[in-house]
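Taking it in order: structure first as structure tokens, then the write-up.
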4 protein chains.
Amino acid sequence: MSSPSHASPSQRQRRKEARPQELLDAALALFVEKGFAATRSEEVAARAGVSKGTLYLYYPSKEELFKAVIRESLGSKIAEGREELDKHQGPMAELLVWLMQEWWMRLGQTPAGGIMKIMLAEARNFPEIAAFYVDEVIDPSCNMLAEVIRRGVASGEFRPVDPDAAVHVLIGPVLHLVLHQYSIGACGLDLGPKKDPEAVIALHMDLLFKGLLNRPDHEGGSAAHA
Amino acid sequence: MSSPSHASPSQRQRRKEARPQELLDAALALFVEKGFAATRSEEVAARAGVSKGTLYLYYPSKEELFKAVIRESLGSKIAEGREELDKHQGPMAELLVWLMQEWWMRLGQTPAGGIMKIMLAEARNFPEIAAFYVDEVIDPSCNMLAEVIRRGVASGEFRPVDPDAAVHVLIGPVLHLVLHQYSIGACGLDLGPKKDPEAVIALHMDLLFKGLLNRPDHEGGSAAHA
Amino acid sequence: MSSPSHASPSQRQRRKEARPQELLDAALALFVEKGFAATRSEEVAARAGVSKGTLYLYYPSKEELFKAVIRESLGSKIAEGREELDKHQGPMAELLVWLMQEWWMRLGQTPAGGIMKIMLAEARNFPEIAAFYVDEVIDPSCNMLAEVIRRGVASGEFRPVDPDAAVHVLIGPVLHLVLHQYSIGACGLDLGPKKDPEAVIALHMDLLFKGLLNRPDHEGGSAAHA
Amino acid sequence: MSSPSHASPSQRQRRKEARPQELLDAALALFVEKGFAATRSEEVAARAGVSKGTLYLYYPSKEELFKAVIRESLGSKIAEGREELDKHQGPMAELLVWLMQEWWMRLGQTPAGGIMKIMLAEARNFPEIAAFYVDEVIDPSCNMLAEVIRRGVASGEFRPVDPDAAVHVLIGPVLHLVLHQYSIGACGLDLGPKKDPEAVIALHMDLLFKGLLNRPDHEGGSAAHA
DNA sequence: CATGAATGAGGGTTCATTCAT
DNA sequence: TATGAATGAACCCTCATTCAT
């Protein structure tokens, strides 16, 4: 599937349609690992099992390849969350938990999450791509989450907070986990707490809803993760 | 301050000792702005007001310069917080607020915060630096914050939570703001909510302590998500 | 005529025999327009309505294609002038005028004239072709013209001049017009005098025969192109 | 002086100012010999005795180098002829002879003449340069020669001819000789008549003034070059 | 110490040529 | 026979690094 050299010659024709995807996969993996600038286009080609020149049959330049990687990886992932929001019926808190977990699984567990790291590292060198990323990924995501907060506040489920600011509190820890995983976390260092990201997310939700302060009033301290 | 070439001869002597620091400052600013790979060593020299060759009198290679920048920027910024922890008397919540605000001011408002972005981008290409960063920055910071949580829990101020996991919830939003500021936020795009980072931090603290859920002040526990 | 890809299947059979010529035509046009090195072989194929690979079925390399273009374009255009010389009866001056006009029409008005430009540009890179060109085109042409001069001198029609040197005076202006037309003249710049090449040739003949100097003696100053 | 490698190391500093000229000379020679496209920039550098990178310290691209070659070679050669025209007193015929001979010596005997060949070959690929060449070289030259003709006609020395058209007749043979010399003439072929370009020019002048036709009437047929 | 001219390995990209279909 | 995907050698240009001054 991703074996370097050309395996049997009879497969060539069949590969033709898979090539773009194979190249995108290779590029994503390497860009995440080494950064965009530090990845040589020949490496991408080699990882996809083709020669340098072949890469340029499918993408006219390294930068266009980068854009294609972003489009392909993030393009459709946004609309899905939106749909969930629209069809959800129960309390917003439930939806938020589901969204956070889903996000972690989609970004934290797949190389697509590494794109965030790339964007952070290269945004200033590629303003055009940064703008694309903001328009296609960041803005829709934030808007959707803000809408969840807004509805919760409107229904009285949530305290009255600024939805836009709350979104960043919401996002922060998950983003942190994702970014960490693809940079320092990938260095082979043994980082105690990051061993269990799901637990962090669970606690994040628990704290978000109930707060950190002890409330002697009623609940006798149902903390998460004893 | 940054006048290139030859100023008055008397100033030169004075400069000589400042050179290493001037070079590190220049390098830090550029690495943060453009990334390590995309910064040309000649640019660094020019920004420090010296010639290309001079740079190599102080640092044997671009990579060593990079390491020096990181080392220099990270050194000993940690101890201060530790002291504050030891001498603090009031509730831990107060200390946490002070620490978050302090952190934002020190990282968000100074170029040193850009180091986080650099580390994120280059950690995998410089594992030794990453290890250094973990040992000198991440671990101490996390340990200190964990200690704050731990004390709060012990005193009954906080609910019983896993301190290590809580640290990441705590850190996430601030880190997010800092990283954003040095990458996408620097692209000139207009990003609504990020216009007021202090408000985000304030809300972060508010939510952290009191939770998002509406609590009719005594009510029988409307906790979300058991 | 130049419809690419697959026309009707019946036309294809017919085309097969025309292919070599179509390829040569396409190559000639492009070599004249852009030069040999700057013309991509795929362009030649595309202009001939075939694929890149097909070109190599007919010509083993771009260089061989170039040689074939030259050979094909130059073949046997010389003999005709020769015949004219042999059967001509009147004064040599008349013949010269006819030859010059004929030459201009054949070279100046057809893409074949561009070959001269190509030869000039590429002769040193393709010495064998240059030799071929000298043998097949330059020498016969010059010899024929020299013969015209020689006869004119022998019959007393012309002053006694060195025929070989005279040939170059004869050729110069026409060559100049042809070359210009295919290089600078094709750049869209507005070049006053070159708007009327025929007038230049007419004047060339007039000057050649009667000279530029005013001769009060007898003929009452029959200048060309008042 | 033009020995490839770096001779003695002490000369380096001294060479610095000579470098641009050395590079231009090398580039001119190679462009004339092989054409612009077919000359590798590394070849130019090697011929100038420097490395590839050094070339780019002086000229930002191969194309800019090309432009510099043209400017440097042709820039000032035009005005000089003009001066001669202004201060000349005797008959225009004398001036024309002088100009033609001068031109041949300046273009035919120096590599600068090869630029004409380059322009011919590359004009269509570099319209900007072609425009420059027309403005700076062709137009001034033609205008000057037309002026000579015009004065001769006005004074009665010459027959009434169209000056602009006459210029092309005048130029043609010289141009032909120059171009030939740098293309086919440089292939090592033995080309009889071209062995003596000065003779061709002399005959060109003789024919131009007196014409080719035998004129029994007055002067007893003083032909040039028996 | 400081300079900046010079180097040359290396990276992105092109394109003549091949070959499986 | 025709195709066009694939190759890989070259080419232009950059830039980290060196070194003579």
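If you're wondering about the labels, chains in the structure tokens are A, B, ... by order shown, residues count from 1 in each chain, ligands from 1 in order shown.
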Would you mind listing, for every residue of chain A within 6 Å of chain B, the two atoms forming the shortest contact and the distance between them in Å to one decimal, using only C-alpha atoms, sorted by chain and ascending residue number, as a tab-separated table?
residue	atom	partner	partner_atom	distance
A:Leu120	CA	B:Ser183	CA	5.2
A:Ala121	CA	B:Ala121	CA	5.1
A:Ala123	CA	B:Ile184	CA	5.6
A:Arg124	CA	B:Cys187	CA	5.8
A:Glu157	CA	B:Asn214	CA	5.9
A:Phe158	CA	B:Leu213	CA	4.6
A:Arg159	CA	B:Asn214	CA	4.8
A:Asp164	CA	B:Pro193	CA	5.6
A:Ala165	CA	B:Val200	CA	5.1
A:Val169	CA	B:Pro173	CA	5.2
A:Gly172	CA	B:Pro173	CA	3.8
A:Pro173	CA	B:Gly172	CA	3.9
A:His176	CA	B:Gly172	CA	5.3
A:Ser183	CA	B:Leu120	CA	5.3
A:Ile184	CA	B:Ala123	CA	5.6
A:Cys187	CA	B:Arg124	CA	5.8
A:Pro193	CA	B:Asp164	CA	5.6
A:Val200	CA	B:Ala165	CA	5.1
A:His204	CA	B:Val169	CA	5.6
A:Leu208	CA	B:Gly211	CA	5.0
A:Phe209	CA	B:Gly211	CA	4.5
A:Lys210	CA	B:Gly211	CA	4.3
A:Gly211	CA	B:Gly211	CA	3.6
A:Leu212	CA	B:Phe209	CA	4.6
A:Leu213	CA	B:Phe158	CA	4.6
A:Asn214	CA	B:Arg159	CA	4.8
A:Gly221	CA	B:Arg159	CA	5.8
A:Ala223	CA	B:Pro160	CA	5.4
A:His225	CA	B:Asp162	CA	5.8
A:Ala226	CA	B:Val161	CA	5.9
Show me, as JSON lines, the residues of chain E having an atom within 9 Å of chain C, each with the closest atom pair and its distance in Å, using only C-alpha atoms (C1' of nucleotides).
{"residue": "E:DC15", "atom": "C1'", "partner": "C:Arg40", "partner_atom": "CA", "distance": 7.2}
{"residue": "E:DA16", "atom": "C1'", "partner": "C:Ser41", "partner_atom": "CA", "distance": 7.4}
{"residue": "E:DT17", "atom": "C1'", "partner": "C:Ser61", "partner_atom": "CA", "distance": 8.0}
{"residue": "E:DT18", "atom": "C1'", "partner": "C:Gly53", "partner_atom": "CA", "distance": 8.9}
Chain F residues near chain B within 10 Å, closest pair each, using only C-alpha atoms (C1' of nucleotides), as a Markdown table:
| residue | atom | partner | partner_atom | distance |
| --- | --- | --- | --- | --- |
| F:DT14 | C1' | B:Arg40 | CA | 10.0 |
| F:DC15 | C1' | B:Arg40 | CA | 7.1 |
| F:DA16 | C1' | B:Ser41 | CA | 7.4 |
| F:DT17 | C1' | B:Ser61 | CA | 8.0 |
| F:DT18 | C1' | B:Gly53 | CA | 8.9 |
| F:DC19 | C1' | B:Gly53 | CA | 9.7 |
Exercise for the section: Apply DSSP to the structure's backbone, then extract all residues of range 32-70 of chain B labelled alpha helix (DSSP H) and return them as a PyMOL selection string. Expected result: chain B and resi 32-34+41-48+52-58+62-70
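The two atoms in question, CA of Asp86 in chain A and CA of Leu107 in chain A, are spaced 21.9 Å apart.
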